[in-house]
$ cat target29.txt   # compact mmCIF, C-alpha atoms
# COMPACT_ATOMS: atom_id res chain seq x y z
CA MET X 1 0.00 0.00 0.00
CA THR X 2 1.42 3.38 -0.97
CA HIS X 3 1.23 6.46 1.19
CA ASP X 4 -1.17 8.10 -1.28
CA GLU X 5 -3.86 5.42 -1.03
CA THR X 6 -7.07 6.14 0.83
CA PRO X 7 -7.06 4.39 4.23
CA THR X 8 -9.18 1.26 4.23
CA PRO X 9 -11.61 1.12 7.17
CA ALA X 10 -11.48 -1.82 9.51
CA GLY X 11 -13.82 -4.60 8.45
CA PRO X 12 -14.73 -8.21 9.03
CA THR X 13 -12.16 -9.60 6.55
CA GLY X 14 -9.29 -11.60 7.96
CA PRO X 15 -8.67 -12.53 11.61
CA THR X 16 -10.54 -10.42 14.14
CA GLY X 17 -8.71 -7.19 14.89
CA ALA X 18 -6.03 -7.69 12.23
CA THR X 19 -7.15 -4.75 10.12
CA ARG X 20 -6.69 -2.46 13.13
CA ARG X 21 -3.05 -3.51 13.39
CA ARG X 22 -1.85 -2.70 9.85
CA GLY X 23 -2.11 -0.10 7.11
CA LEU X 24 -2.17 3.67 7.26
CA LEU X 25 -3.32 5.47 10.40
CA ARG X 26 -7.09 6.00 10.35
CA VAL X 27 -9.73 7.95 12.20
CA GLY X 28 -10.54 6.01 15.38
CA ASP X 29 -7.09 4.41 15.64
CA ARG X 30 -5.25 4.57 18.95
CA VAL X 31 -1.80 6.06 18.46
CA GLN X 32 1.05 6.07 20.95
CA LEU X 33 3.19 9.20 20.86
CA THR X 34 6.78 9.12 22.14
CA ASP X 35 8.60 12.39 22.81
CA PRO X 36 12.42 12.85 22.73
CA ARG X 37 12.65 11.97 26.44
CA GLY X 38 10.80 8.68 25.98
CA ARG X 39 7.57 9.88 27.61
CA LEU X 40 4.41 8.29 26.21
CA ASN X 41 1.00 9.68 25.40
CA THR X 42 -1.85 7.76 23.77
CA ILE X 43 -4.49 9.48 21.65
CA THR X 44 -7.43 8.35 19.54
CA LEU X 45 -7.31 9.97 16.11
CA ALA X 46 -10.28 12.17 15.20
CA GLU X 47 -10.78 14.66 12.41
CA GLY X 48 -10.34 18.25 13.51
CA GLU X 49 -8.98 17.36 16.97
CA SER X 50 -5.63 18.47 18.37
CA PHE X 51 -3.08 17.06 20.82
CA HIS X 52 -2.07 19.74 23.33
CA THR X 53 0.68 19.91 25.94
CA HIS X 54 2.26 22.85 27.76
CA ARG X 55 4.95 22.78 25.07
CA GLY X 56 2.69 23.16 22.03
CA TYR X 57 0.14 21.28 19.95
CA PHE X 58 -0.44 19.56 16.61
CA ARG X 59 -3.55 18.51 14.72
CA HIS X 60 -4.58 14.87 14.43
CA ASP X 61 -5.05 15.50 10.69
CA TYR X 62 -1.25 15.53 10.37
CA LEU X 63 -1.24 11.82 11.25
CA ILE X 64 -4.44 10.59 9.58
CA GLY X 65 -3.50 8.79 6.37
CA GLN X 66 0.18 8.52 7.32
CA PRO X 67 2.09 5.25 7.90
CA GLU X 68 3.10 4.04 11.34
CA GLY X 69 6.53 5.24 12.38
CA THR X 70 5.76 8.80 11.24
CA VAL X 71 7.36 11.67 13.16
CA VAL X 72 5.18 14.73 13.69
CA ARG X 73 6.38 18.12 15.00
CA ASN X 74 4.17 20.28 17.20
CA SER X 75 3.89 24.06 17.24
CA GLY X 76 6.72 24.27 19.77
CA GLY X 77 9.12 22.26 17.64
CA ILE X 78 8.85 19.07 19.74
CA GLU X 79 8.93 15.88 17.66
CA TYR X 80 6.76 12.87 18.44
CA LEU X 81 7.12 9.36 17.05
CA ALA X 82 3.66 7.92 16.23
CA LEU X 83 3.03 4.15 16.41
CA ARG X 84 0.03 1.99 17.16
CA PRO X 85 0.34 0.69 20.74
CA LEU X 86 1.26 -2.97 21.14
CA LEU X 87 -0.92 -5.29 23.21
CA ALA X 88 1.41 -4.81 26.19
CA ASP X 89 1.12 -1.03 25.87
CA TYR X 90 -2.66 -1.19 25.67
CA VAL X 91 -2.98 -3.46 28.71
CA LEU X 92 -0.87 -1.22 30.92
CA SER X 93 -2.74 1.96 29.94
CA MET X 94 -6.35 0.78 29.60
CA PRO X 95 -9.05 1.57 32.21
CA ARG X 96 -9.08 -1.01 34.97
CA GLY X 97 -11.21 -2.02 37.91
CA ALA X 98 -9.34 -5.08 39.15
CA ALA X 99 -5.56 -5.31 38.90
CA VAL X 100 -4.42 -6.56 35.51
CA VAL X 101 -2.30 -9.59 34.70
CA TYR X 102 1.00 -8.08 33.59
CA PRO X 103 2.19 -8.83 30.03
CA LYS X 104 5.16 -10.82 31.33
CA ASP X 105 2.77 -13.16 33.17
CA ALA X 106 0.25 -13.31 30.31
CA GLY X 107 3.05 -14.41 27.99
CA GLN X 108 4.09 -17.12 30.45
CA ILE X 109 0.50 -18.33 30.77
CA VAL X 110 -0.02 -18.55 27.01
CA THR X 111 3.24 -20.46 26.55
CA MET X 112 3.35 -22.70 29.62
CA ALA X 113 -0.34 -23.60 29.33
CA ASP X 114 0.21 -24.34 25.63
CA ILE X 115 -2.72 -22.19 24.48
CA TYR X 116 -2.98 -23.12 20.81
CA PRO X 117 -5.15 -22.06 17.84
CA GLY X 118 -8.55 -23.73 18.13
CA ALA X 119 -8.19 -24.58 21.83
CA ARG X 120 -11.21 -24.48 24.11
CA VAL X 121 -10.26 -22.35 27.12
CA ILE X 122 -12.11 -21.44 30.32
CA GLU X 123 -10.97 -18.31 32.15
CA ALA X 124 -12.07 -17.13 35.61
CA GLY X 125 -12.11 -14.36 36.76
CA VAL X 126 -11.83 -11.92 33.96
CA GLY X 127 -10.71 -8.87 35.98
CA SER X 128 -10.22 -5.98 33.55
CA GLY X 129 -9.77 -8.19 30.47
CA ALA X 130 -5.98 -8.06 30.14
CA LEU X 131 -5.35 -11.81 30.07
CA THR X 132 -8.50 -12.37 27.98
CA MET X 133 -6.95 -10.48 25.08
CA SER X 134 -3.81 -12.65 25.11
CA LEU X 135 -5.92 -15.81 25.26
CA LEU X 136 -8.09 -14.69 22.33
CA ARG X 137 -4.99 -13.85 20.30
CA ALA X 138 -3.67 -17.36 20.94
CA VAL X 139 -6.82 -19.41 20.21
CA GLY X 140 -7.77 -17.35 17.14
CA ASP X 141 -11.22 -17.03 15.63
CA GLY X 142 -11.56 -20.82 15.44
CA GLY X 143 -11.00 -21.37 19.16
CA SER X 144 -13.09 -20.60 22.20
CA VAL X 145 -12.47 -18.54 25.33
CA HIS X 146 -15.29 -18.56 27.85
CA SER X 147 -14.62 -16.05 30.62
CA ILE X 148 -16.49 -16.27 33.91
CA GLU X 149 -16.59 -13.33 36.32
CA ARG X 150 -18.48 -13.04 39.61
CA ARG X 151 -18.80 -9.25 39.54
CA GLU X 152 -21.01 -7.61 36.95
CA ASP X 153 -19.12 -4.31 37.17
CA PHE X 154 -15.76 -6.00 36.50
CA ALA X 155 -17.33 -7.89 33.58
CA ALA X 156 -18.61 -4.62 32.06
CA ILE X 157 -15.15 -3.04 32.28
CA ALA X 158 -13.51 -6.14 30.75
CA ARG X 159 -16.02 -6.26 27.89
CA GLY X 160 -15.39 -2.60 27.09
CA ASN X 161 -11.61 -3.07 27.07
CA VAL X 162 -11.64 -6.24 24.97
CA GLU X 163 -14.07 -4.90 22.38
CA ASP X 164 -12.18 -1.62 22.16
CA PHE X 165 -8.93 -3.48 21.49
CA PHE X 166 -10.33 -5.82 18.81
CA GLY X 167 -12.62 -3.20 17.27
CA GLY X 168 -15.82 -4.98 18.30
CA PRO X 169 -17.02 -8.33 19.71
CA HIS X 170 -14.63 -11.23 19.22
CA PRO X 171 -16.30 -14.33 17.68
CA ALA X 172 -14.34 -16.70 19.94
CA TRP X 173 -15.29 -14.98 23.19
CA GLU X 174 -18.16 -15.53 25.58
CA LEU X 175 -18.53 -13.83 28.95
CA SER X 176 -20.71 -15.15 31.76
CA ILE X 177 -21.43 -13.61 35.15
CA GLY X 178 -21.53 -15.90 38.18
CA ASP X 179 -19.47 -18.31 40.24
CA LEU X 180 -17.23 -20.70 38.32
CA ALA X 181 -18.60 -23.70 40.22
CA ASP X 182 -22.14 -22.83 39.12
CA VAL X 183 -21.46 -21.67 35.56
CA LEU X 184 -18.83 -24.14 34.33
CA PRO X 185 -21.03 -27.28 34.37
CA THR X 186 -23.66 -25.41 32.31
CA VAL X 187 -21.28 -24.23 29.55
CA ALA X 188 -18.95 -27.22 29.15
CA GLU X 189 -19.60 -30.94 28.97
CA PRO X 190 -17.41 -33.13 31.21
CA GLY X 191 -13.98 -33.80 29.73
CA THR X 192 -14.29 -31.29 26.86
CA VAL X 193 -12.16 -28.33 28.01
CA ASP X 194 -8.54 -28.13 26.87
CA ARG X 195 -7.22 -25.43 29.22
CA VAL X 196 -8.43 -23.65 32.36
CA VAL X 197 -6.89 -20.42 33.65
CA LEU X 198 -7.87 -19.21 37.12
CA ASP X 199 -7.08 -15.73 38.41
CA MET X 200 -8.99 -15.53 41.68
CA LEU X 201 -8.52 -15.26 45.41
CA ALA X 202 -9.25 -18.91 46.29
CA PRO X 203 -8.73 -21.11 43.20
CA TRP X 204 -8.53 -24.27 45.36
CA GLU X 205 -12.29 -24.01 45.88
CA ASN X 206 -12.74 -24.92 42.20
CA VAL X 207 -10.23 -27.74 41.82
CA ASP X 208 -13.04 -30.32 41.77
CA VAL X 209 -15.28 -28.64 39.18
CA VAL X 210 -12.27 -27.92 36.94
CA ALA X 211 -11.20 -31.57 37.07
CA GLY X 212 -14.66 -32.54 35.85
CA ALA X 213 -14.48 -30.20 32.86
CA LEU X 214 -10.86 -30.81 31.76
CA ALA X 215 -10.04 -33.42 29.15
CA PRO X 216 -7.30 -35.93 30.08
CA GLY X 217 -3.99 -34.16 29.59
CA GLY X 218 -5.65 -30.77 29.86
CA VAL X 219 -3.79 -27.98 31.65
CA LEU X 220 -4.85 -25.99 34.70
CA VAL X 221 -2.99 -22.70 35.28
CA CYS X 222 -3.58 -20.60 38.39
CA TYR X 223 -2.35 -17.07 39.03
CA VAL X 224 -2.06 -16.12 42.71
CA ALA X 225 -0.44 -13.23 44.52
CA THR X 226 0.90 -14.62 47.79
CA THR X 227 2.89 -17.61 49.04
CA THR X 228 0.01 -18.46 51.38
CA GLN X 229 -2.36 -18.83 48.44
CA LEU X 230 0.26 -20.81 46.54
CA SER X 231 0.73 -23.23 49.44
CA ARG X 232 -2.97 -23.84 49.95
CA LEU X 233 -3.54 -24.35 46.22
CA ALA X 234 -0.70 -26.86 45.84
CA GLU X 235 -1.91 -28.93 48.78
CA ASP X 236 -5.48 -29.06 47.51
CA VAL X 237 -4.35 -30.01 44.00
CA ARG X 238 -2.34 -32.90 45.46
CA ALA X 239 -5.19 -33.98 47.71
CA ASP X 240 -7.65 -34.10 44.80
CA GLY X 241 -5.75 -36.98 43.21
CA ARG X 242 -6.74 -36.23 39.59
CA TYR X 243 -3.83 -33.97 38.75
CA THR X 244 -0.12 -34.30 38.14
CA GLU X 245 2.35 -32.91 40.66
CA PRO X 246 1.93 -29.10 40.54
CA GLN X 247 4.76 -26.83 39.45
CA ALA X 248 5.10 -23.20 40.47
CA TRP X 249 7.30 -20.25 39.55
CA GLU X 250 7.42 -16.48 39.19
CA SER X 251 9.02 -14.35 36.49
CA MET X 252 10.88 -11.07 36.81
CA VAL X 253 11.83 -8.73 34.00
CA ARG X 254 14.84 -6.42 34.17
CA GLY X 255 15.52 -3.93 31.41
CA TRP X 256 19.01 -2.92 30.29
CA HIS X 257 20.45 0.50 29.52
CA LEU X 258 22.14 0.60 26.10
CA GLU X 259 24.38 3.55 25.28
CA GLY X 260 27.59 2.78 23.41
CA LEU X 261 29.80 0.81 25.79
CA ALA X 262 27.66 1.80 28.78
CA VAL X 263 25.63 -1.40 28.91
CA ARG X 264 24.18 -2.02 32.37
CA PRO X 265 20.98 -3.12 34.10
CA GLU X 266 18.26 -0.51 34.49
CA HIS X 267 17.78 0.82 38.02
CA ARG X 268 14.15 -0.34 38.04
CA MET X 269 12.67 -3.70 37.16
CA ILE X 270 9.30 -5.46 37.09
CA GLY X 271 9.70 -7.78 40.05
CA HIS X 272 7.10 -9.90 41.77
CA THR X 273 3.59 -9.57 40.38
CA GLY X 274 2.25 -13.05 41.04
CA PHE X 275 2.95 -16.77 41.20
CA LEU X 276 1.94 -19.20 38.48
CA LEU X 277 1.05 -22.81 39.23
CA THR X 278 0.46 -25.40 36.53
CA THR X 279 -0.76 -28.97 36.64
CA ARG X 280 -2.34 -31.42 34.18
CA ARG X 281 -5.43 -33.60 34.33
CA LEU X 282 -4.79 -37.32 34.71
CA ALA X 283 -6.92 -39.91 32.93
CA ASP X 284 -9.93 -41.13 34.88
CA GLY X 285 -9.16 -43.99 37.24
CA VAL X 286 -5.43 -43.28 37.34
CA ASP X 287 -3.77 -42.64 40.68
CA ALA X 288 -1.25 -39.81 40.86
CA PRO X 289 2.30 -41.16 41.31
CA LEU X 290 3.54 -40.88 44.88
CA ARG X 291 6.09 -38.17 45.58
CA ARG X 292 9.45 -39.60 46.60
CA ARG X 293 10.88 -36.51 48.23
CA ARG X 294 10.42 -35.98 51.96
CA PRO X 295 8.69 -32.76 53.10
CA ALA X 296 10.95 -30.32 54.93
CA LYS X 297 10.69 -30.17 58.70
CA GLY X 298 8.07 -27.61 59.67
CA ALA X 299 6.38 -27.66 56.27
CA TYR X 300 3.11 -28.67 57.93
CA PRO X 301 2.64 -26.68 61.17
CA VAL X 302 1.27 -28.29 64.33
CA ALA X 303 -0.14 -26.89 67.56
CA PRO X 304 1.93 -26.98 70.79
CA ASP X 305 0.18 -30.24 71.75
CA GLY X 306 1.24 -31.85 68.47
CA ALA X 307 -2.18 -31.70 66.81
CA PRO X 308 -2.48 -30.33 63.23
CA VAL X 309 -3.34 -26.65 63.01
CA ASP X 310 -6.91 -25.94 61.93
CA ASP X 311 -7.13 -24.69 58.33
CA ALA X 312 -9.28 -21.74 59.41
CA GLU X 313 -6.33 -20.36 61.39
CA LEU X 314 -3.95 -20.65 58.42
CA TRP X 315 -6.07 -19.43 55.54
CA THR X 316 -7.55 -16.17 56.80
CA PRO X 317 -8.52 -13.46 54.27
CA GLU X 318 -5.63 -11.33 55.52
CA ALA X 319 -3.14 -14.16 55.10
CA LEU X 320 -4.39 -14.77 51.57
CA GLY X 321 -3.83 -11.15 50.63
CA GLU X 322 -7.45 -10.23 50.01
CA ARG X 323 -7.81 -6.60 48.95
CA GLU X 324 -11.07 -4.85 48.17
CA VAL X 325 -11.37 -2.43 45.25
CA SER X 326 -13.46 0.58 46.23
CA ASP X 327 -16.92 0.88 44.70
CA LYS X 328 -16.18 4.53 43.89
CA LYS X 329 -13.22 3.57 41.69
CA ILE X 330 -15.22 0.87 39.88
CA ARG X 331 -18.07 3.28 39.15
CA LYS X 332 -15.64 5.86 37.72
CA VAL X 333 -13.85 3.35 35.46
CA ARG X 334 -17.15 1.96 34.21
CA ARG X 335 -18.48 5.45 33.44
CA ASP X 336 -15.32 6.24 31.47
CA ILE X 337 -15.66 3.08 29.38
CA GLU X 338 -19.37 3.54 28.71
CA ALA X 339 -18.71 7.15 27.65
CA ARG X 340 -16.41 6.05 24.82
CA PRO X 341 -17.73 6.67 21.29
CA GLU X 342 -19.19 3.69 19.44
CA LEU X 343 -16.61 1.67 17.51

$ encode --input "target29.txt" --output "structure tokens"
Amino acid sequence: MTHDETPTPAGPTGPTGATRRRGLLRVGDRVQLTDPRGRLNTITLAEGESFHTHRGYFRHDYLIGQPEGTVVRNSGGIEYLALRPLLADYVLSMPRGAAVVYPKDAGQIVTMADIYPGARVIEAGVGSGALTMSLLRAVGDGGSVHSIERREDFAAIARGNVEDFFGGPHPAWELSIGDLADVLPTVAEPGTVDRVVLDMLAPWENVDVVAGALAPGGVLVCYVATTTQLSRLAEDVRADGRYTEPQAWESMVRGWHLEGLAVRPEHRMIGHTGFLLTTRRLADGVDAPLRRRRPAKGAYPVAPDGAPVDDAELWTPEALGEREVSDKKIRKVRRDIEARPEL
């Protein structure tokens, strides 16, 4: 496509959202502007609108019809590099109610859970829709992602974010409101789900219902924030008896400064955001192999009299890291999303 061609509007041809990712910049496109100091601003292109800062302005019309990678100069002589934001950029800047799954963790989930084109995936909860977008990208239009969210307000925020990113409803996505234990048996026949991804406070409460839905060899991935949650989840997965030995890890990302021979780690890094635990569904009637390693001394606490400690004392909401999001914040984010112009 030459620079003189008329921009082609996004349409239903090709994979969902693909037309929004290529071609000349169009009205309605999100554009990420980078100034000479590396500071970012994101705008939505509109005819007749302007981008203003305390150091000058420029008209959106200067970018409409131009290719990505264009540099535009404002009235104060400041140059901005204009590119469409990547999925990681969008996730970190989109409106949110619940905390989002960071791109580094979403990438790990897609890879380690082996989310493949055409896979049937169950996700709970949906939060603000960050992970949902990565899952939909991986399964493609021929797959299926069924997201289940307990809170209607979170679901509304997630739907707005996902549809804004893809330019409309995604054909592979369904969103249900309710508890996973209640909804999952009604949307999936036993043994028909390929992958389950849980991002919730107490995923161990759903180990049983997930085992019923997963096909043999299917993967369960759980995203939890604290070591207390991780411990409880691992023990319940083992106790269920229908899963392989769980594996857990966390990922950390450290950027590097590159300037001639001055190559060194950045002073800041993306450290702990959450733990990931994976396990796979065994075939029916198969007993999980016994672990041969001996638990460390003190791994299972006991009371002074030698009796096991009651679970209620170990797994309190505070110990599990439960944090409430204020209703005021949720209402504001939802109003902002609903006030967006129609796609």

$ closest_residue --input "target29.txt" --among "X:Pro190, X:Gly65, X:Pro15, X:Pro95" --to "Val139 of chain X" --atoms "all atoms listed in the file"
X:Pro15

$ residues_around --input "target29.txt" --residues "Leu87 of chain X" --least-positions-apart "5" --cutoff "10 Å" --atoms "all atoms listed in the file" --output "JSON, numbers by chain"
{"X": [92, 103, 130, 133, 134, 137, 165]}

$ write_last_selection --input "target29.txt" --atoms "C-alpha atoms" --output "mmCIF file, keeping the file's coordinate frame"
data_model
loop_
_atom_site.group_PDB
_atom_site.id
_atom_site.type_symbol
_atom_site.label_atom_id
_atom_site.label_comp_id
_atom_site.auth_asym_id
_atom_site.auth_seq_id
_atom_site.Cartn_x
_atom_site.Cartn_y
_atom_site.Cartn_z
ATOM 1 C CA LEU X 92 -0.870 -1.220 30.920
ATOM 2 C CA PRO X 103 2.190 -8.830 30.030
ATOM 3 C CA ALA X 130 -5.980 -8.060 30.140
ATOM 4 C CA MET X 133 -6.950 -10.480 25.080
ATOM 5 C CA SER X 134 -3.810 -12.650 25.110
ATOM 6 C CA ARG X 137 -4.990 -13.850 20.300
ATOM 7 C CA PHE X 165 -8.930 -3.480 21.490
#

$ closest_residue --input "target29.txt" --among "X:Ala234, X:Leu40, X:Ala156, X:Val196" --to "Ile337 of chain X" --atoms "all atoms listed in the file"
X:Ala156

$ residues_around --input "target29.txt" --residues "segment 74-82 of chain X" --least-positions-apart "4" --cutoff "12 Å" --atoms "all atoms listed in the file" --output "count of residues only"
38

$ residues_around --input "target29.txt" --residues "Tyr243 of chain X" --least-positions-apart "3" --cutoff "12 Å" --atoms "only C-alpha atoms" --output "VMD selection string"
chain X and resid 207 to 208 210 to 212 214 to 221 234 to 240 246 to 247 278 to 290

$ atom_distance --input "target29.txt" --atom1 "atom CA of Met94 of chain X" --atom2 "atom CA of Leu131 of chain X"
12.6 Å

$ closest_residue --input "target29.txt" --among "X:Ala172, X:Ala88, X:Leu277, X:Ile109" --to "Thr16 of chain X" --atoms "all atoms listed in the file"
X:Ala172

$ closest_residue --input "target29.txt" --among "X:Arg73, X:Glu245, X:Gly142, X:Gly160" --to "Ala339 of chain X" --atoms "only C-alpha atoms"
X:Gly160

$ residues_around --input "target29.txt" --residues "Thr273 of chain X" --least-positions-apart "4" --cutoff "10 Å" --atoms "only C-alpha atoms" --output "list in words"
Val100, Val101, Tyr102, Lys104, Asp105, Tyr223, Val224, Ala225, Thr226, Glu250, Ser251 and Met252 of chain X

$ write_last_selection --input "target29.txt" --atoms "C-alpha atoms" --output "compact mmCIF listing (two decimals), in the frame of the given file"
# COMPACT_ATOMS: atom_id res chain seq x y z
CA VAL X 100 -4.42 -6.56 35.51
CA VAL X 101 -2.30 -9.59 34.70
CA TYR X 102 1.00 -8.08 33.59
CA LYS X 104 5.16 -10.82 31.33
CA ASP X 105 2.77 -13.16 33.17
CA TYR X 223 -2.35 -17.07 39.03
CA VAL X 224 -2.06 -16.12 42.71
CA ALA X 225 -0.44 -13.23 44.52
CA THR X 226 0.90 -14.62 47.79
CA GLU X 250 7.42 -16.48 39.19
CA SER X 251 9.02 -14.35 36.49
CA MET X 252 10.88 -11.07 36.81

$ atom_distance --input "target29.txt" --atom1 "atom CA of Gly97 of chain X" --atom2 "atom CA of Leu276 of chain X"
21.6 Å

$ closest_residue --input "target29.txt" --among "X:Arg120, X:Lys332, X:Arg96, X:His146" --to "Asn161 of chain X" --atoms "only C-alpha atoms"
X:Arg96

$ closest_residue --input "target29.txt" --among "X:Gly127, X:Pro85, X:Gly191, X:Gly48" --to "Ala158 of chain X" --atoms "only C-alpha atoms"
X:Gly127

$ atom_distance --input "target29.txt" --atom1 "atom CA of Gly107 of chain X" --atom2 "atom CA of Arg195 of chain X"
15.1 Å
